[in-house]
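K.L.:
Next up is a structure, given as C-alpha cells.
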Amino acid sequence: MLLLLLGAIAGADSAGAQAPTSTIDRIRETGVMRVGYGTTAPFSFKEPDGSIAGYSIDLCNELAREIAGPIGVGTVRVEYVPRTPANRIQLLNDGDIDIECNASTSSPDRRKVASFAPPHFIAQTHFVTLKKSGIHTIDDLRGKTVSVVLGTVNVGQILQFSRDKKLGLAAVPVADVQAAFDLVEDGSVSAFAMDDVLLRSMAIRTGNPDDYVISDEPLGDPAPYGFMTRINDPAFATLVADSLVRIYRGAKMMEIYDKWFMRPIRGGRYSLDLPMSDDLKAAMGISAR
C-alpha cells in the first residue's frame with residue numbers, strides 16, 4: 001500500500017494542463033520570469049527577512065539578466081513562487097512557474113516530463129543517522145524506519161535497495177526535506193535518505209554536526225542537478241541552456257559557487273567547505289585548475 005501511495009504521489013509530477021503560451025512571449029510581454037524555489041539550503045530558501053536566497057537563486061538571477069537582451073527587453077524581473085518536491089512539475093506544466101531553480105535531479109524519468117538545463121551541481125544519494133544509533137552501513141538499516149521526501153528520486157532508490165537486499169525497511173513519507181531530517185534528529189526514524197550535499201548542510205546547520213553520521217555507502221550513482229523548464233517549450237529551454245553555458249564559463253561563476261560552498265553562509269553561522277569537483281567543472285565547461 002505504501003509503495004502504491006509513494007508511486008502515485010511521485011507520479012503526480014507528470015500531470016497537469018499544458019501551459020497555453022510560449023514562455024519567451026510571456027516574459028517579453030510582462031518583463032517577469034517566475035522562478036520556483038524551495039526550502040533547500042544552500043540552493044534555494046527563504047531568509048528570516050522574507051528574501052529568497054541561495055546558490056540556485058543567484059544563478060537564476062544571473063539568468064534573468066542574461067536573457068533580457070536576446071528576448072528584446074531592457075530588464076527581466078524575477079518573481080519567486082514557492083514549490084514543493086511533489087508539485088514542482090505540476091506548477092511548470094500549469095504555467096504557474098517558468099523555471100524551477102533549486103536542486104532537482106535530472107533523472108531519465110523526469111526528463112520525460114520536464115526539460116533540464118545544463119548541470120549546476122552533481123550529488124549522490126546517501127543516508128544520515130544519529131551517531132549514537134550505531135547505524136553506519138546499509139545492512140545496519142535492516143528492519144529500520146527511513147524517512148523519505150515525496151516526489152524525490154530518493155524514494156525509489158531506498159525502496160529498491162530494500163527490495164534488492166531484503167532489508168524490510170519501513171519508509172516514512174513526508175513532504176519537506178527539513179521535516180524528514182527532523183524525524184532523525186528527534187529519534188522518530190532511524191535514517192533519512194537524501195542527496196549528500198543536502199544532508200551535510202542540514203547536519204551542519206544543527207550546530208552539532210558530530211552528532212550525525214552520513215553513510216559512506218551511496219544509494220545511487222552521482223547525478224546532476226538541473227533547472228527545470230516545461231517539456232513542451234523547447235525555445236525557452238534552448239534559451240536557458242545557452243544562457244547558462246555563458247554564465248558557467250563567465251568570470252562570476254566561481255565567485256557564486258565559492259559564496260555558497262566555500263565561505264561562511266547564513267550570517268556566518270557555518271561553511272560547507274565543498275570545493276567544486278572536477279566532474280562539475282567538466283559538466284559546466286570550466287577548465288580544471
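How things are named: the first chain in the C-alpha cells is A, the next is B, and so on; residues count from 1 in each chain; ligands count from 1 in the order shown.
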Please build the interface table for stretch 228-289 of chain A against stretch 59-75 of chain A with a cut-off of 8 Å, listing for each qualifying residue the nearest atom pair and the distance in Å to one decimal; count only C-alpha atoms, order rows by chain and increasing number, and write it as a tab-separated table.
P.N.:
```
residue	atom	partner	partner_atom	distance
A:Leu239	CA	A:Ile67	CA	7.3
A:Val240	CA	A:Leu63	CA	7.3
A:Ser243	CA	A:Glu66	CA	6.2
A:Leu244	CA	A:Leu63	CA	6.6
A:Ile247	CA	A:Glu62	CA	7.4
A:Ile256	CA	A:Leu59	CA	7.7
```
K.L.:
Write out the residues from the selection above, keeping all heavy atoms, as a compact mmCIF listing (two decimals), in the first residue's frame.
P.N.:
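out.txt, written as the output of this step:
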```
# COMPACT_ATOMS: atom_id res chain seq x y z
N LEU A 239 17.01 28.68 -24.90
CA LEU A 239 17.48 29.98 -24.43
C LEU A 239 18.12 29.85 -23.05
O LEU A 239 19.20 30.43 -22.80
CB LEU A 239 16.30 30.96 -24.37
CG LEU A 239 16.60 32.34 -23.77
CD1 LEU A 239 17.60 33.10 -24.64
CD2 LEU A 239 15.30 33.14 -23.61
N VAL A 240 17.48 29.10 -22.16
CA VAL A 240 18.02 28.91 -20.81
C VAL A 240 19.36 28.18 -20.88
O VAL A 240 20.34 28.58 -20.23
CB VAL A 240 17.02 28.13 -19.93
CG1 VAL A 240 17.68 27.64 -18.64
CG2 VAL A 240 15.81 29.00 -19.60
N SER A 243 22.14 30.39 -22.35
CA SER A 243 22.47 31.47 -21.43
C SER A 243 23.27 30.96 -20.24
O SER A 243 24.24 31.59 -19.79
CB SER A 243 21.20 32.16 -20.94
OG SER A 243 20.45 32.70 -22.02
N LEU A 244 22.88 29.79 -19.71
CA LEU A 244 23.60 29.24 -18.57
C LEU A 244 25.01 28.82 -18.93
O LEU A 244 25.94 28.96 -18.12
CB LEU A 244 22.83 28.06 -17.98
CG LEU A 244 21.61 28.43 -17.12
CD1 LEU A 244 20.83 27.19 -16.75
CD2 LEU A 244 22.05 29.19 -15.86
N ILE A 247 27.00 31.80 -18.60
CA ILE A 247 27.18 32.14 -17.19
C ILE A 247 28.20 31.21 -16.54
O ILE A 247 29.10 31.67 -15.81
CB ILE A 247 25.83 32.06 -16.45
CG1 ILE A 247 24.90 33.16 -16.93
CG2 ILE A 247 26.03 32.16 -14.94
CD1 ILE A 247 23.46 32.99 -16.48
N ILE A 256 30.27 32.88 -7.46
CA ILE A 256 28.96 32.44 -6.96
C ILE A 256 29.08 31.10 -6.25
O ILE A 256 28.52 30.91 -5.16
CB ILE A 256 27.95 32.35 -8.12
CG1 ILE A 256 27.66 33.75 -8.68
CG2 ILE A 256 26.66 31.67 -7.68
CD1 ILE A 256 26.83 33.74 -9.95
```
K.L.:
Name the residues of stretch 49-275 of chain A that come out as alpha helix (DSSP H) in a backbone DSSP run; write them as an MDAnalysis selection string.
P.N.:
chainID A and resid 55:71 88:94 153:165 177:185 196:205 234:248 253:261
K.L.:
Leaving out A:Ala114 and any residue of its chain fewer than 4 positions from it, which residues lie within 9 Å of it when counting only C-alpha atoms, given as a count of residues only?
P.N.:
10
K.L.:
Pick out the closest residue to A:Ile204 from this set: A:Ala41, A:Pro222, A:Val78, A:Met253. Count only C-alpha atoms.
P.N.:
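That would be A:Ala41, the residue with the smallest distance to A:Ile204.
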K.L.:
Figure out the distance between atom CA of A:Asp58 and atom CA of A:Arg249, please, to one decimal in Å.
P.N.:
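So the two atoms, atom CA of A:Arg249 and atom CA of A:Asp58, lie 15.1 Å apart.
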K.L.:
With only C-alpha atoms as the counted atoms, please give the residues lying no more than 12 Å from stretch 163-174 of chain A, apart from itself and same-chain residues fewer than 4 positions off, as an MDAnalysis selection string.
P.N.:
chainID A and resid 1:3 5:7 9:10 84:86 137:152 154:159 178:184 188:193 219
K.L.:
Tell me, which residues of stretch 56-267 of chain A carry DSSP strand (DSSP E), written as a ChimeraX atom specification?
P.N.:
/A:77-82,99-100,114-116,121-123,125-130,145-149,170-174,191-195,212-214,223-225,228-230
K.L.:
Pick out the closest residue to A:Tyr225 from this set: A:Ala175, A:Ala117, A:Val245, A:Ala237. Count only C-alpha atoms.
P.N.:
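When distances to A:Tyr225 are compared using only C-alpha atoms, the smallest one comes from A:Ala117.
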K.L.:
Take atom CA of A:Pro108 and atom CA of A:Asp195 and report the distance between them in Å, one decimal.
P.N.:
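If I compute the distance from atom CA of A:Pro108 to atom CA of A:Asp195, I get 17.1 Å.
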K.L.:
Kindly give the distance, in Å, that separates atom CA of A:Ser106 and atom CA of A:Thr206, rounded to a single decimal.
P.N.:
28.6 Å
